[in-house]
Each structure stands twice: as C-alpha cells, then as structure tokens.
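Colleague: Pasting a structure below so you can have a look.
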Amino acid sequence: MLTGLVSHIACLGHVSPPGHPESPERLQAVLAALGAPAFQTLARAEAPKAERAALVAAHDPAHVDAVLGILNTTAQSRGYARIDADTIMSAGSAEAALRAAGAVVHAVDRVADGEWTNAFCAVRPPGHHAPPDRAMGFCLFNNVAVGAFHAHKTRLFERIAVVDFDVHHGNGTEDIFWNHPNFFYASTHQSPLYPGTGAANERGVAQNILNVPLAPFSGSDAFRAALSNAILPALESFAPDFIFISAGFDAHKADPLAELQLDESDFGWATARICDVAHRACGGRVVSTLEGGYDLDALGRSAAAHVSALMEA
C-alpha cells in the first residue's frame, strides 16, 4: 500500500505582506524536503478545489460565502484584505483555501477506497484555528474538519478522530467537534499561548474533547508522556473508524512563535504511535494535513520525519 502526498501550486498563491510568518516559503520548504530520493515512492496528487457542500458541512454558509466574497473582490482590488490582526489575504488566497480543504477531501477518498494506506496534505493556508463562523489565526477554512465531515457524511465512517500536535491549540476544530459525540478531538499544545483556549477542563458534549496543555519550555519527555499516558489511550478507547492528524511543526525548539523544545524525531515518533493505533482500530486509515511551523529548516526536517513515519506505518 502507498502513502499519498496531496498538494497544489495554487497554495503558493496565498501571499501575505513581507515579514508575515505564514508565507509561501513554508510550503516550498516542505515540498523541497519531500523531493528527496527517500520520498520517490509517494503517490503524488494535485488537490482539487473543495466543493461548497464540503465546506458548509463544517462551516456556516454565511462564513463560506463571506470569505470567498472578500477574497474575490477586496483582495483583488486592494492587494490585501485583512480578515483579522493575523489573517491577511491576497488575490490568490481564495483558490489556495479551496485547494487546501479540497486536498483533505481528496485524500479521504483515496484512503477510503483503499488506494492509499494514509496520506499527507502539504497545503496552506492552515486550518485548525477556523471555527464554524469566521476566519482567524492565519486560517480561512478548517481543512481537517472539512475532511472529517466528508469522511463521516459522504464516506459514511461513523467515528472520526483528530489528533493535533501543533504548538497552538486548535480552537476551531474543538468548536466544530464540541457537540458531535462521534467526533473526537485531542490536542497537546503550549499553554499559555495563542489562542488562549485548550484547557484540560474543556471536554465536549460527550467527553469527546481531550486537551493536554504543556508548559512553556517543555521538551520531548513531557510531549511523549502527554501522548503515551493520555491521548493515545483515549484515542484507542474511542475506537475511531478514521484518524486525522493536524500536523503542526511549530513545537520545534527552533520555531520563533513559541517555546516548546521538541525536535523532528518527536514528530516522527508521534506519527508512528498514532499510526499504530490506526492499524489496530481502523485498517491504518490516517490523513494528515499541514498546520503550523515557521522556521523553514526545522519545518522541512519535521515534515520529512512525519511523512517517513507515515510511509513506514
């Protein structure tokens, strides 16, 4: 069986002003790392645009229409459109956002059909901060949530899980999953840190949310303990039919936006352990999508470690 890699050149067309950390160079660093000989056997596919029906499964229709409207008019006429203090869009952002969400939908279909064992979506903008009704934190649409609802509603997988190891809490995914007892969201993240959510007492309508906050300057031992002692047992107990990973690599010690002290081996280890659960629970079905990571060298090495673990699973 194969590991898929889904991306699209249009994701480079989402441009923010100089100095903004969420830059096209991030995706270029990931794709350069995955162009090494070790990744020759990846099944590479271009991301389609997400259909509106897939987007509104996770988001309010008014949000979908407003974001696409802003990006198709204001951004094109003025160069940039400021959605919030952190989220700044350009004329190419609409297609990039549609391709980013569409990549996860496409990966779900290929894994569900048994063509691939698992997949990584190398896309931007990221998604896990986007709640149902707005864009925030560099994120327009919640790519992993769009894929999760596609797996549930269209491909009829009953129990859906997301594991998020980005250094920032995925408040948007938590909000979207909160009232869905068959959707499980687990996150390990630095706290305190943007967006200020992700406390351990945030549990969801059916205890389907699990947050394991880590103190600033926590390292490998604390991260691996959070997964081994809390997240992985809860994931296995949930018995998912499909697992997603919000793969943010900004918990790396070189990253400029936070203070956790991980390195690329930690991301490879975490990916392998999640895949172990997937093999026992759901035939190995895992779809991962890129979230954060803002030191380009560390991002490339971390994405390579992550994808290597997917290929070895």
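As shown in the structure tokens, the chain order sets the letters A, B, ...; within each chain, residues go from 1, and ligands are also counted from 1 in the order they appear.
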I want to know what sits within 9 Å of His252 of chain A, based on only C-alpha atoms, with residues of the same chain fewer than 6 positions away left out; could you give that as a ChimeraX atom specification?
Modeller: /A:167,258-264,266-267,293,295,298-299,302
Colleague: Any chance you can output those residues with C-alpha atoms as a PDB file, in the first residue's frame?
Modeller:
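Full text of selection-v8.pdb as output:
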```pdb
ATOM      1  CA  VAL A 167       2.045  24.115  19.356  1.00  0.00           C
ATOM      2  CA  ALA A 258       6.511  29.501  20.721  1.00  0.00           C
ATOM      3  CA  GLU A 259       8.718  27.931  23.380  1.00  0.00           C
ATOM      4  CA  LEU A 260       8.297  24.168  23.333  1.00  0.00           C
ATOM      5  CA  GLN A 261      11.537  22.278  22.867  1.00  0.00           C
ATOM      6  CA  LEU A 262      10.786  19.404  20.509  1.00  0.00           C
ATOM      7  CA  ASP A 263      12.788  18.259  17.520  1.00  0.00           C
ATOM      8  CA  GLU A 264      11.865  16.408  14.355  1.00  0.00           C
ATOM      9  CA  ASP A 266       9.422  13.748  18.297  1.00  0.00           C
ATOM     10  CA  PHE A 267       7.085  14.336  15.365  1.00  0.00           C
ATOM     11  CA  GLY A 293       5.693  25.551  11.550  1.00  0.00           C
ATOM     12  CA  ASP A 295      11.304  28.035  10.976  1.00  0.00           C
ATOM     13  CA  ALA A 298      13.028  22.884  11.061  1.00  0.00           C
ATOM     14  CA  LEU A 299       9.744  22.709   9.149  1.00  0.00           C
ATOM     15  CA  SER A 302       9.952  17.830  10.654  1.00  0.00           C
TER      16      SER A 302
END
```
Colleague: Let's see if you can do this: from backbone DSSP, list all alpha helix (DSSP H) residues in segment 97-309 of chain A, as a PyMOL selection string.
Modeller: chain A and resi 97-112+143-149+171-177+220-226+232-238+264-282+296-309
Colleague: Those residues you just picked out, can you put them in a file as a CSV table (one decimal), in the first residue's frame with C-alpha atoms?
Modeller:
```csv
chain,number,residue,atom,x,y,z
A,97,ALA,CA,-8.0,27.9,0.6
A,98,LEU,CA,-10.3,25.9,-1.7
A,99,ARG,CA,-7.3,23.7,-2.7
A,100,ALA,CA,-6.2,23.2,0.9
A,101,ALA,CA,-9.6,22.0,2.0
A,102,GLY,CA,-10.0,20.0,-1.2
A,103,ALA,CA,-6.7,18.2,-0.6
A,104,VAL,CA,-8.0,16.7,2.6
A,105,VAL,CA,-11.3,15.7,0.9
A,106,HIS,CA,-9.3,14.0,-1.9
A,107,ALA,CA,-7.0,12.2,0.5
A,108,VAL,CA,-10.0,10.9,2.4
A,109,ASP,CA,-11.4,9.5,-0.8
A,110,ARG,CA,-8.2,7.8,-1.9
A,111,VAL,CA,-7.7,6.2,1.6
A,112,ALA,CA,-11.3,5.2,1.9
A,143,ASN,CA,-9.3,21.9,6.4
A,144,VAL,CA,-9.1,18.9,8.8
A,145,ALA,CA,-12.8,19.5,9.9
A,146,VAL,CA,-13.9,19.7,6.3
A,147,GLY,CA,-12.2,16.3,5.7
A,148,ALA,CA,-13.6,14.8,8.8
A,149,PHE,CA,-17.2,15.7,7.9
A,171,ASN,CA,-9.7,26.1,18.9
A,172,GLY,CA,-11.6,25.9,15.6
A,173,THR,CA,-11.6,22.1,15.4
A,174,GLU,CA,-12.6,21.9,19.1
A,175,ASP,CA,-15.5,24.3,18.5
A,176,ILE,CA,-16.7,22.4,15.4
A,177,PHE,CA,-16.4,19.0,17.1
A,220,SER,CA,10.4,15.6,24.5
A,221,ASP,CA,9.7,13.8,27.7
A,222,ALA,CA,6.6,15.9,28.5
A,223,PHE,CA,5.3,15.7,25.0
A,224,ARG,CA,5.8,12.0,24.7
A,225,ALA,CA,4.2,11.5,28.1
A,226,ALA,CA,1.2,13.5,27.1
A,232,LEU,CA,-3.1,7.6,22.7
A,233,PRO,CA,-5.1,5.6,25.3
A,234,ALA,CA,-8.1,7.8,24.8
A,235,LEU,CA,-7.8,7.6,21.1
A,236,GLU,CA,-7.7,3.8,21.2
A,237,SER,CA,-10.7,3.7,23.6
A,238,PHE,CA,-12.7,5.9,21.3
A,264,GLU,CA,11.9,16.4,14.4
A,265,SER,CA,12.3,13.0,16.0
A,266,ASP,CA,9.4,13.7,18.3
A,267,PHE,CA,7.1,14.3,15.4
A,268,GLY,CA,8.2,11.1,13.7
A,269,TRP,CA,7.6,9.2,17.0
A,270,ALA,CA,4.2,10.7,17.5
A,271,THR,CA,3.2,9.9,13.9
A,272,ALA,CA,4.3,6.3,14.3
A,273,ARG,CA,2.4,5.9,17.5
A,274,ILE,CA,-0.8,7.3,16.0
A,275,CYS,CA,-0.4,5.0,13.1
A,276,ASP,CA,-0.1,2.1,15.5
A,277,VAL,CA,-3.5,2.9,16.9
A,278,ALA,CA,-4.9,3.3,13.4
A,279,HIS,CA,-3.7,-0.2,12.4
A,280,ARG,CA,-5.4,-1.7,15.4
A,281,ALA,CA,-8.6,0.4,15.1
A,282,CYS,CA,-9.3,1.3,11.5
A,296,LEU,CA,11.9,26.9,7.4
A,297,ASP,CA,14.7,24.5,8.1
A,298,ALA,CA,13.0,22.9,11.1
A,299,LEU,CA,9.7,22.7,9.1
A,300,GLY,CA,11.3,20.8,6.3
A,301,ARG,CA,13.1,18.3,8.5
A,302,SER,CA,10.0,17.8,10.7
A,303,ALA,CA,7.7,17.2,7.7
A,304,ALA,CA,10.2,14.7,6.3
A,305,ALA,CA,10.2,12.9,9.7
A,306,HIS,CA,6.4,12.9,9.8
A,307,VAL,CA,6.0,11.6,6.2
A,308,SER,CA,8.7,9.0,6.7
A,309,ALA,CA,6.7,7.6,9.6
```
Colleague: What is the distance, in Å and to one decimal place, between atom CA of Thr87 of chain A and atom CA of Ser288 of chain A?
Modeller: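 Separation between atom CA of Thr87 of chain A and atom CA of Ser288 of chain A: 22.7 Å.
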Colleague: From the options A:Gly127, A:Pro213, A:Gly114, A:Pro132, which residue's atoms come nearest to Ala230 of chain A, counting only C-alpha atoms?
Modeller: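 Checking each candidate against Ala230 of chain A, we get A:Pro213 as the closest.
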Colleague: Give me, as CSV, the closest atom pair and its distance (Å, one decimal) for every residue of segment 45-117 of chain A within a cut-off of 6 Å of segment 11-25 of chain A, counting only C-alpha atoms, rows sorted by chain and rising number.
Modeller:
```
residue,atom,partner,partner_atom,distance
A:Ile88,CA,A:Ser16,CA,5.8
A:Ser90,CA,A:Val15,CA,5.6
A:Gly92,CA,A:Gly13,CA,4.7
A:Ser93,CA,A:His14,CA,4.2
A:Ala96,CA,A:Cys11,CA,4.3
```
Colleague: Create the file for the chosen residues now, containing C-alpha atoms and written as a JSON list (two decimals), in the first residue's frame.
Modeller:
```
[["chain", "number", "residue", "atom", "x", "y", "z"],
["A", 88, "ILE", "CA", -4.25, 38.79, 5.80],
["A", 90, "SER", "CA", -4.36, 38.29, -1.23],
["A", 92, "GLY", "CA", -4.64, 34.15, -4.74],
["A", 93, "SER", "CA", -5.98, 33.19, -1.33],
["A", 96, "ALA", "CA", -5.41, 28.38, -2.16]]
```
Colleague: Please identify which residues in segment 74-278 of chain A DSSP calls strand (DSSP E or B) from the backbone, and express them as a PyMOL selection string.
Modeller: chain A and resi 81-82+88-89+116-121+136+139+160-164+183-190+209-214+219+242-247+252+261-262
Colleague: Do you know which residues are at most 9 Å from His63 of chain A counting only C-alpha atoms, after dropping those on the same chain fewer than 3 positions away, and could you put them as an MDAnalysis selection string?
Modeller: chainID A and resid 56 59:60 66:68 132:135
Colleague: Would you save the residues of that selection, restricted to N, CA and C atoms, as a PDB file, in the first residue's frame?
Modeller:
```pdb
ATOM      1  N   VAL A  56     -19.580  23.762   3.742  1.00  0.00           N
ATOM      2  CA  VAL A  56     -20.688  24.106   4.638  1.00  0.00           C
ATOM      3  C   VAL A  56     -21.052  22.953   5.566  1.00  0.00           C
ATOM      4  N   HIS A  59     -18.716  24.508   8.198  1.00  0.00           N
ATOM      5  CA  HIS A  59     -18.790  25.951   8.424  1.00  0.00           C
ATOM      6  C   HIS A  59     -20.183  26.488   8.136  1.00  0.00           C
ATOM      7  N   ASP A  60     -20.511  27.599   8.783  1.00  0.00           N
ATOM      8  CA  ASP A  60     -21.744  28.300   8.470  1.00  0.00           C
ATOM      9  C   ASP A  60     -21.701  28.771   7.020  1.00  0.00           C
ATOM     10  N   ALA A  66     -18.995  34.720   2.745  1.00  0.00           N
ATOM     11  CA  ALA A  66     -18.331  35.973   3.072  1.00  0.00           C
ATOM     12  C   ALA A  66     -16.839  35.903   2.790  1.00  0.00           C
ATOM     13  N   VAL A  67     -16.190  34.815   3.202  1.00  0.00           N
ATOM     14  CA  VAL A  67     -14.753  34.702   2.978  1.00  0.00           C
ATOM     15  C   VAL A  67     -14.439  34.684   1.496  1.00  0.00           C
ATOM     16  N   LEU A  68     -15.142  33.888   0.733  1.00  0.00           N
ATOM     17  CA  LEU A  68     -14.870  33.828  -0.701  1.00  0.00           C
ATOM     18  C   LEU A  68     -15.195  35.151  -1.367  1.00  0.00           C
ATOM     19  N   PRO A 132     -16.628  27.524  13.196  1.00  0.00           N
ATOM     20  CA  PRO A 132     -17.661  27.453  12.158  1.00  0.00           C
ATOM     21  C   PRO A 132     -17.955  28.770  11.461  1.00  0.00           C
ATOM     22  N   ASP A 133     -17.824  29.891  12.175  1.00  0.00           N
ATOM     23  CA  ASP A 133     -18.404  31.131  11.677  1.00  0.00           C
ATOM     24  C   ASP A 133     -17.421  32.219  11.299  1.00  0.00           C
ATOM     25  N   ARG A 134     -16.097  31.934  11.318  1.00  0.00           N
ATOM     26  CA  ARG A 134     -15.168  33.013  10.984  1.00  0.00           C
ATOM     27  C   ARG A 134     -13.783  32.444  10.666  1.00  0.00           C
ATOM     28  N   ALA A 135     -12.978  33.309  10.069  1.00  0.00           N
ATOM     29  CA  ALA A 135     -11.562  33.024   9.853  1.00  0.00           C
ATOM     30  C   ALA A 135     -10.769  33.640  10.988  1.00  0.00           C
TER      31      ALA A 135
END
```
